[in-house]
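> Just one file: upload-v2.txt, with compact mmCIF, C-alpha atoms (C1' of nucleotides).
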# COMPACT_ATOMS: atom_id res chain seq x y z
CA MET A 1 0.00 0.00 0.00
CA LEU A 2 1.21 3.44 -0.85
CA ALA A 3 -0.14 6.52 0.85
CA SER A 4 -0.23 10.10 -0.36
CA LYS A 5 -2.19 13.28 0.20
CA LEU A 6 -4.96 13.83 -2.31
CA VAL A 7 -8.28 15.63 -2.26
CA CYS A 8 -11.16 13.17 -2.53
CA LYS A 9 -13.92 14.55 -4.74
CA THR A 10 -16.58 12.66 -2.83
CA CYS A 11 -15.88 13.99 0.66
CA SER A 12 -13.81 17.02 -0.45
CA GLN A 13 -11.27 16.34 2.27
CA ALA A 14 -7.54 16.53 1.79
CA SER A 15 -7.16 13.14 3.36
CA ASP A 16 -4.66 10.36 3.14
CA VAL A 17 -5.38 8.35 0.05
CA VAL A 18 -4.16 4.81 -0.16
CA THR A 19 -3.28 3.12 -3.39
CA ASP A 20 -3.68 -0.63 -3.52
CA ALA A 21 -0.35 -1.85 -4.79
CA GLU A 22 -1.95 -4.85 -6.50
CA SER A 23 -4.77 -3.35 -8.47
CA GLY A 24 -3.94 0.34 -8.53
CA GLU A 25 -7.30 1.12 -6.95
CA ILE A 26 -7.39 4.29 -4.94
CA ILE A 27 -9.06 4.41 -1.56
CA CYS A 28 -9.88 7.53 0.43
CA THR A 29 -9.10 6.92 4.10
CA ASN A 30 -11.60 9.54 5.15
CA CYS A 31 -14.83 8.41 3.50
CA GLY A 32 -13.80 4.98 2.25
CA MET A 33 -14.45 5.83 -1.38
CA VAL A 34 -12.83 3.23 -3.63
CA ASN A 35 -12.05 4.18 -7.15
CA SER A 36 -10.55 2.36 -10.03
CA ASN A 37 -9.18 5.47 -11.64
CA ASP A 38 -7.69 8.58 -10.15
CA LYS A 39 -10.21 10.96 -11.70
CA ALA A 40 -12.19 10.95 -8.44
CA PHE A 41 -9.22 12.49 -6.71
CA GLN A 42 -7.18 15.51 -7.47
CA VAL A 43 -3.68 16.15 -6.34
CA SER A 44 -3.67 18.54 -3.44
CA THR A 45 -1.84 21.58 -4.74
CA ALA A 46 -1.24 23.51 -1.50
CA GLU A 47 2.01 21.92 -0.46
CA TRP A 48 3.45 22.36 -3.95
CA ARG A 49 3.26 26.13 -3.93
CA ALA A 50 6.58 27.87 -3.95
CA PHE A 51 7.37 31.57 -4.06
CA ASP A 52 11.05 31.57 -4.82
CA HIS A 53 13.67 29.28 -6.23
CA ASN A 54 14.83 27.91 -2.89
CA GLN A 55 11.32 26.95 -1.89
CA MET A 56 10.76 25.34 -5.21
CA MET A 57 13.86 23.21 -4.87
CA ASP A 58 12.90 22.46 -1.31
CA ARG A 59 9.44 21.29 -2.13
CA SER A 60 9.99 19.49 -5.38
CA ARG A 61 9.45 15.79 -4.99
CA VAL A 62 12.12 14.09 -6.96
CA GLY A 63 11.80 10.82 -8.77
CA MET A 64 9.87 9.41 -11.64
CA PRO A 65 6.10 9.72 -11.44
CA MET A 66 4.37 6.50 -10.50
CA THR A 67 3.12 4.52 -13.43
CA LEU A 68 1.06 1.38 -13.79
CA THR A 69 2.86 0.47 -16.97
CA ARG A 70 5.79 -1.11 -15.17
CA HIS A 71 5.46 -4.30 -13.23
CA ASP A 72 6.76 -2.52 -10.12
CA LYS A 73 4.88 0.68 -10.98
CA GLY A 74 8.19 2.44 -11.53
CA LEU A 75 8.95 2.63 -7.86
CA SER A 76 11.90 0.30 -7.49
CA THR A 77 15.53 1.28 -7.10
CA VAL A 78 18.32 -0.43 -8.95
CA ILE A 79 21.89 -0.97 -7.78
CA GLY A 80 24.04 0.79 -10.34
CA ILE A 81 26.93 -0.54 -12.42
CA PRO A 82 29.97 1.59 -11.39
CA ASN A 83 32.13 -0.06 -8.72
CA LYS A 84 32.62 3.10 -6.71
CA ASP A 85 31.54 4.10 -3.26
CA ALA A 86 29.60 7.22 -2.33
CA SER A 87 32.70 9.38 -2.35
CA GLY A 88 33.80 8.11 -5.75
CA LYS A 89 36.62 5.83 -4.63
CA GLU A 90 37.13 2.45 -6.28
CA LEU A 91 35.84 -0.48 -4.26
CA ASP A 92 38.26 -3.12 -3.08
CA ASP A 93 37.97 -6.65 -4.44
CA SER A 94 35.89 -8.19 -1.66
CA MET A 95 33.44 -5.28 -1.70
CA ARG A 96 33.30 -5.44 -5.45
CA SER A 97 32.27 -9.08 -5.52
CA MET A 98 29.73 -8.45 -2.80
CA MET A 99 28.13 -5.67 -4.86
CA GLN A 100 27.98 -8.03 -7.79
CA ARG A 101 26.10 -10.58 -5.68
CA LEU A 102 23.77 -7.86 -4.44
CA ARG A 103 23.11 -6.73 -8.00
CA THR A 104 22.18 -10.24 -8.97
CA TRP A 105 19.72 -10.53 -6.12
CA ASP A 106 18.44 -7.02 -6.66
CA HIS A 107 17.48 -8.04 -10.15
CA ARG A 108 16.06 -11.40 -9.10
CA ILE A 109 13.90 -9.84 -6.41
CA GLN A 110 12.53 -7.19 -8.72
CA VAL A 111 11.28 -9.53 -11.40
CA SER A 112 10.92 -12.64 -9.39
CA SER A 113 7.40 -13.95 -9.06
CA PRO A 114 5.66 -15.44 -12.09
CA THR A 115 3.17 -12.60 -11.87
CA ASP A 116 5.91 -9.99 -12.07
CA ARG A 117 7.58 -11.74 -14.98
CA ASN A 118 4.27 -11.87 -16.76
CA LEU A 119 3.60 -8.18 -16.15
CA ALA A 120 7.12 -7.24 -17.15
CA ARG A 121 6.76 -9.00 -20.47
CA ALA A 122 3.30 -7.60 -21.06
CA PHE A 123 4.37 -4.03 -20.40
CA GLN A 124 7.37 -4.40 -22.63
CA ARG A 125 4.93 -5.26 -25.36
CA LEU A 126 2.62 -2.46 -24.35
CA GLU A 127 5.44 0.00 -24.79
CA MET A 128 6.07 -1.37 -28.26
CA LEU A 129 2.43 -1.07 -29.27
CA ARG A 130 2.08 2.42 -27.87
CA GLY A 131 4.09 3.85 -30.70
CA LYS A 132 2.52 1.72 -33.39
CA LEU A 133 -1.01 2.65 -32.37
CA GLY A 134 -0.22 6.26 -31.53
CA LEU A 135 -2.08 6.13 -28.25
CA PRO A 136 -1.94 8.83 -25.58
CA ASP A 137 -0.47 8.11 -22.14
CA ASN A 138 -3.79 7.95 -20.34
CA VAL A 139 -4.94 5.13 -22.60
CA ILE A 140 -1.70 3.25 -22.02
CA GLU A 141 -2.01 3.63 -18.25
CA LYS A 142 -5.60 2.46 -18.44
CA ALA A 143 -4.63 -0.52 -20.54
CA ALA A 144 -1.99 -1.43 -17.98
CA TYR A 145 -4.60 -1.19 -15.26
CA VAL A 146 -7.05 -3.42 -17.12
CA TYR A 147 -4.30 -5.92 -17.83
CA ARG A 148 -3.31 -6.07 -14.15
CA LYS A 149 -6.89 -6.81 -13.22
CA ALA A 150 -7.26 -9.47 -15.89
CA GLN A 151 -4.00 -11.01 -14.81
CA ARG A 152 -5.11 -11.09 -11.20
CA LEU A 153 -8.29 -12.89 -12.17
CA GLY A 154 -6.18 -15.55 -13.83
CA MET A 155 -7.43 -14.70 -17.28
CA VAL A 156 -4.04 -14.87 -18.95
CA LYS A 157 -3.65 -18.55 -18.15
CA GLY A 158 -4.23 -20.60 -21.25
CA ARG A 159 -4.11 -17.53 -23.43
CA THR A 160 -1.28 -15.51 -24.82
CA ILE A 161 -0.01 -12.37 -23.17
CA ALA A 162 -0.32 -10.64 -26.52
CA ALA A 163 -4.03 -11.35 -26.87
CA THR A 164 -4.91 -10.31 -23.33
CA LEU A 165 -2.82 -7.19 -23.57
CA SER A 166 -4.29 -6.16 -26.91
CA ALA A 167 -7.79 -6.68 -25.56
CA SER A 168 -6.85 -4.47 -22.60
CA ILE A 169 -5.68 -1.81 -24.99
CA TYR A 170 -8.95 -2.02 -26.89
CA VAL A 171 -10.95 -1.68 -23.66
CA ALA A 172 -8.83 1.30 -22.62
CA SER A 173 -9.21 3.10 -25.94
CA ARG A 174 -12.96 2.54 -25.93
CA GLU A 175 -13.26 3.92 -22.43
CA ALA A 176 -11.12 6.91 -23.28
CA GLY A 177 -13.18 7.63 -26.40
CA VAL A 178 -10.20 7.19 -28.70
CA PRO A 179 -11.54 5.35 -31.72
CA ARG A 180 -9.39 2.34 -32.52
CA THR A 181 -10.99 -0.64 -34.20
CA LEU A 182 -10.52 -4.24 -33.15
CA ALA A 183 -9.10 -4.97 -36.59
CA GLU A 184 -6.48 -2.22 -36.29
CA ILE A 185 -5.21 -3.46 -32.95
CA ALA A 186 -5.34 -7.07 -34.07
CA SER A 187 -3.22 -6.50 -37.16
CA LEU A 188 -0.64 -4.31 -35.42
CA SER A 189 -0.12 -6.81 -32.64
CA ASN A 190 -0.18 -9.86 -34.88
CA ILE A 191 -3.20 -11.58 -33.39
CA SER A 192 -6.28 -12.79 -35.22
CA HIS A 193 -9.36 -10.64 -35.09
CA LYS A 194 -11.22 -13.65 -33.78
CA GLU A 195 -8.93 -14.29 -30.85
CA LEU A 196 -8.83 -10.62 -29.92
CA SER A 197 -12.58 -10.21 -29.90
CA ARG A 198 -12.97 -13.37 -27.85
CA VAL A 199 -10.58 -12.18 -25.15
CA TYR A 200 -12.11 -8.72 -25.26
CA ARG A 201 -15.57 -10.08 -24.53
CA LEU A 202 -14.16 -12.22 -21.77
CA ILE A 203 -12.52 -9.22 -20.12
CA VAL A 204 -15.67 -7.14 -20.34
CA LEU A 205 -17.60 -10.01 -18.81
CA ASN A 206 -15.19 -10.92 -16.02
CA LEU A 207 -14.23 -7.40 -15.02
CA ASP A 208 -17.87 -6.38 -15.17
CA LEU A 209 -17.04 -3.38 -17.32
CA LYS A 210 -19.50 -1.11 -19.02
CA VAL A 211 -17.63 -0.09 -22.11
CA PRO A 212 -19.18 2.98 -23.68
CA MET A 213 -20.36 3.01 -27.27
CA ILE A 214 -17.81 4.39 -29.70
CA ASP A 215 -18.77 7.96 -30.52
CA PRO A 216 -19.62 7.97 -34.24
CA VAL A 217 -18.78 11.67 -34.43
CA LYS A 218 -15.20 10.87 -33.42
CA CYS A 219 -15.15 8.23 -36.14
CA ILE A 220 -16.11 10.92 -38.65
CA ALA A 221 -13.17 13.01 -37.54
CA LYS A 222 -10.82 10.08 -37.84
CA ILE A 223 -11.90 9.15 -41.36
CA ALA A 224 -12.06 12.77 -42.46
CA ASN A 225 -8.47 13.29 -41.40
CA LYS A 226 -7.35 10.23 -43.30
CA MET A 227 -9.21 11.31 -46.42
CA GLU A 228 -8.29 14.97 -46.13
CA VAL A 229 -11.79 16.21 -46.83
CA SER A 230 -12.59 19.89 -46.51
CA GLU A 231 -13.54 21.47 -43.22
CA LYS A 232 -16.95 22.37 -44.63
CA THR A 233 -17.74 18.79 -45.59
CA LYS A 234 -16.54 17.57 -42.24
CA ARG A 235 -18.88 19.91 -40.42
CA HIS A 236 -21.73 18.91 -42.69
CA ALA A 237 -21.02 15.26 -41.96
CA ILE A 238 -20.92 15.81 -38.22
CA SER A 239 -24.32 17.53 -38.13
CA TYR A 240 -25.64 14.82 -40.43
CA MET A 241 -24.32 12.22 -38.02
CA HIS A 242 -26.13 13.81 -35.09
CA ASN A 243 -29.38 13.38 -37.00
CA VAL A 244 -28.54 9.79 -37.79
CA VAL A 245 -27.76 9.00 -34.17
CA ALA A 246 -31.00 10.69 -33.08
CA THR A 247 -33.07 8.37 -35.28
CA GLY A 248 -31.45 5.28 -33.84
CA ILE A 249 -30.41 3.88 -37.22
CA ALA A 250 -26.90 3.43 -35.90
CA ALA A 251 -27.89 0.90 -33.24
CA GLY A 252 -26.20 -2.43 -33.71
CA LYS A 253 -24.17 -1.32 -36.70
CA ASP A 254 -20.47 -0.89 -37.04
CA PRO A 255 -19.98 2.81 -36.19
CA MET A 256 -17.08 3.09 -38.62
CA GLY A 257 -19.31 1.87 -41.42
CA ILE A 258 -21.97 4.45 -40.59
CA ALA A 259 -19.38 7.20 -40.28
CA GLY A 260 -17.87 6.26 -43.62
CA ALA A 261 -21.24 6.34 -45.34
CA VAL A 262 -22.23 9.66 -43.78
CA LEU A 263 -18.95 11.22 -44.81
CA TYR A 264 -19.23 9.80 -48.31
CA LEU A 265 -22.71 11.25 -48.79
CA SER A 266 -21.58 14.58 -47.38
CA CYS A 267 -18.77 14.67 -49.90
CA ILE A 268 -21.22 14.12 -52.74
CA GLN A 269 -23.43 16.92 -51.45
CA ASN A 270 -20.47 19.27 -51.28
CA ASP A 271 -19.23 18.33 -54.74
CA GLU A 272 -16.12 16.66 -53.41
CA HIS A 273 -15.71 13.60 -55.50
CA ARG A 274 -14.21 10.58 -53.74
CA THR A 275 -14.71 6.93 -54.53
CA GLN A 276 -16.48 4.42 -52.34
CA ILE A 277 -13.35 2.28 -52.41
CA ASP A 278 -11.34 5.03 -50.74
CA PHE A 279 -13.95 5.58 -48.06
CA ALA A 280 -14.30 1.88 -47.44
CA ALA A 281 -10.54 1.57 -46.96
CA ALA A 282 -10.36 4.62 -44.68
CA SER A 283 -13.24 3.33 -42.56
CA GLY A 284 -11.92 -0.20 -42.36
CA VAL A 285 -15.09 -1.75 -43.82
CA THR A 286 -15.81 -3.20 -47.24
CA GLU A 287 -17.43 -1.31 -50.09
CA VAL A 288 -20.49 -3.49 -49.77
CA THR A 289 -21.01 -2.49 -46.17
CA LEU A 290 -20.49 1.14 -47.09
CA ARG A 291 -23.08 0.84 -49.85
CA ASN A 292 -25.55 -0.86 -47.53
CA ARG A 293 -25.21 1.97 -45.03
CA CYS A 294 -25.67 4.53 -47.81
CA LYS A 295 -28.80 2.77 -48.97
CA GLU A 296 -30.22 2.71 -45.46
CA LEU A 297 -29.50 6.39 -44.99
CA HIS A 298 -31.24 7.14 -48.28
CA THR A 299 -34.38 5.21 -47.43
CA LYS A 300 -34.63 6.13 -43.75
CA LEU A 301 -33.52 9.74 -43.85
CA PRO A 302 -34.53 10.88 -47.36
CA GLN A 303 -35.09 14.48 -46.20
CA LEU A 304 -31.39 14.85 -45.51
CA ASN A 305 -30.23 13.65 -48.92
C1' DT B 1 -13.18 2.29 -64.08
C1' DA B 2 -16.52 3.17 -60.42
C1' DA B 3 -20.75 1.76 -58.68
C1' DG B 4 -24.40 -1.52 -57.84
C1' DA B 5 -26.29 -6.31 -57.18
C1' DT B 6 -26.32 -10.97 -55.56
C1' DA B 7 -24.98 -15.10 -53.17
C1' DA B 8 -22.45 -17.85 -49.87
C1' DG B 9 -20.33 -18.09 -45.51
C1' DA B 10 -18.50 -16.70 -40.79
C1' DG B 11 -19.19 -15.22 -36.13
C1' DG B 12 -21.81 -13.71 -32.33
C1' DG B 13 -26.20 -12.46 -29.56
C1' DA B 14 -30.79 -13.87 -27.98
C1' DC B 15 -33.54 -17.36 -26.79
C1' DA B 16 -35.31 -21.97 -25.94
C1' DT B 17 -34.38 -26.64 -24.61
C1' DA C 1 -24.45 -26.69 -21.71
C1' DT C 2 -26.17 -26.96 -26.49
C1' DG C 3 -28.84 -25.88 -30.63
C1' DT C 4 -31.47 -22.77 -33.49
C1' DC C 5 -32.61 -18.40 -35.57
C1' DA C 6 -32.47 -13.63 -37.22
C1' DG C 7 -29.44 -10.11 -38.29
C1' DT C 8 -24.74 -8.21 -39.53
C1' DC C 9 -20.66 -8.10 -42.05
C1' DT C 10 -17.23 -9.98 -45.43
C1' DT C 11 -15.59 -12.01 -49.66
C1' DA C 12 -16.18 -13.10 -54.30
C1' DT C 13 -18.18 -12.52 -58.67
C1' DC C 14 -21.00 -10.51 -62.15
C1' DT C 15 -23.44 -6.60 -64.34
C1' DT C 16 -24.22 -1.81 -65.45
C1' DA C 17 -23.14 2.90 -66.75
Now that the file is in, can you turn its structure into structure tokens?


Amino acid sequence: MLASKLVCKTCSQASDVVTDAESGEIICTNCGMVNSNDKAFQVSTAEWRAFDHNQMMDRSRVGMPMTLTRHDKGLSTVIGIPNKDASGKELDDSMRSMMQRLRTWDHRIQVSSPTDRNLARAFQRLEMLRGKLGLPDNVIEKAAYVYRKAQRLGMVKGRTIAATLSASIYVASREAGVPRTLAEIASLSNISHKELSRVYRLIVLNLDLKVPMIDPVKCIAKIANKMEVSEKTKRHAISYMHNVVATGIAAGKDPMGIAGAVLYLSCIQNDEHRTQIDFAAASGVTEVTLRNRCKELHTKLPQLN
DNA sequence: TAAGATAAGAGGGACAT
DNA sequence: ATGTCAGTCTTATCTTA
């Protein structure tokens, strides 16, 4: 357990907040509020205030910020390589060999349990995928959190780390409202779409998550950026999409398919000629699906076409 | 060459057994 | 737990303009 001073948003007290070292859950010691993310708390700013350089140096808290994306949450210390003592003098032979033994154990203790080894490997992979997928830090942290929980529930057993991790990333990006499709994540992490979606459903089920619907308006923005359509068309498409969502046509359909169709029709209306093939590729659906969505929009919302 | 149509097949959710 | 069914999406192929 790690303790720090935070302001709980539930009881508004600057109380001691305890972080569960296992799950990363945050507990307010004043009102007992348990939260799975730190949005319910804000860092108490009072003790950070500094009015001159000396105070600032005095009050700065050194060290890396805590992160869930390392198996030890980035809190461990490591015995360094140079064989020198604190004053910079070379160590004698017996001390030198002792430090070597300590280094060995230092390393063994840090990544010792099977759980830690698993997490270490998973987060190594997470770091690799972060760049490929272009995901912001909050999504990565969230993914690490979801993975820890899944791991604790024994869900990685019998499955690959890669699949569970990728599913965690998908969950995290959905929750953060960053549109990434299952297919995108699957192909970048070299897992089959099928396996990924299976693990994803399992995680949602076992962790009892309520993953929000992907915002179709965000999908519009994503496709529009890829296709480099004009600002005017984009705005047209977004207002169009609001109408579509209001009628409930979008329910049960792939939001990327809908977004692609809406954007395609908006382009036609604004005399921007693009092919269905291009839109299908940018949306990650087939032309047929795109056409079907277009047809539905034509029949169900004729006043907007 | 782009768009439209059709058919077969896969995978998953809802529901009953 | 297992099977069935309706609905969705994909792939492949052919036709139309």

> Report the closest atom pair, with its distance in Å rounded to one decimal, for each residue of chain C that has an atom no farther than 9 Å from chain A; count only C-alpha atoms (C1' of nucleotides), sort by chain and then rising residue number, and write it as a Markdown table.


| residue | atom | partner | partner_atom | distance |
| --- | --- | --- | --- | --- |
| C:DT8 | C1' | A:Lys253 | CA | 7.5 |
| C:DC9 | C1' | A:Thr289 | CA | 7.0 |
| C:DT10 | C1' | A:Thr286 | CA | 7.2 |

> Go through A:Leu297, A:Val139, A:Arg70, A:Thr164 and flag the residue nearest Thr247 (chain A), using only C-alpha atoms for the distances.

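The answer is A:Leu297, which sits nearest to Thr247 (chain A).
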
> Counting all atoms listed in the file, collect the residues of chain B whose closest atom lies at most 9 Å from chain A, and write them out as a list in words.

DA2, DA3, DG4 and DG11 of chain B

> Given all atoms listed in the file as the basis, pick out the residue of C:DA17, C:DA6, C:DA1, C:DA12 nearest to DT17 (chain B).

C:DA1

> So how far away is CA of Tyr264 (chain A) from CA of Lys226 (chain A), in Å?

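Between CA of Lys226 (chain A) and CA of Tyr264 (chain A) the gap is 12.9 Å.
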
> If you measure from CA of Thr69 (chain A) to CA of Ala144 (chain A), what distance in Å do you get, rounded to one decimal?

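Atom-to-atom, CA of Thr69 (chain A) and CA of Ala144 (chain A) are spaced 5.3 Å apart.
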
> Please indicate the distance in Å from CA of Asn118 (chain A) to CA of Ile191 (chain A), rounded to one decimal place.

18.2 Å
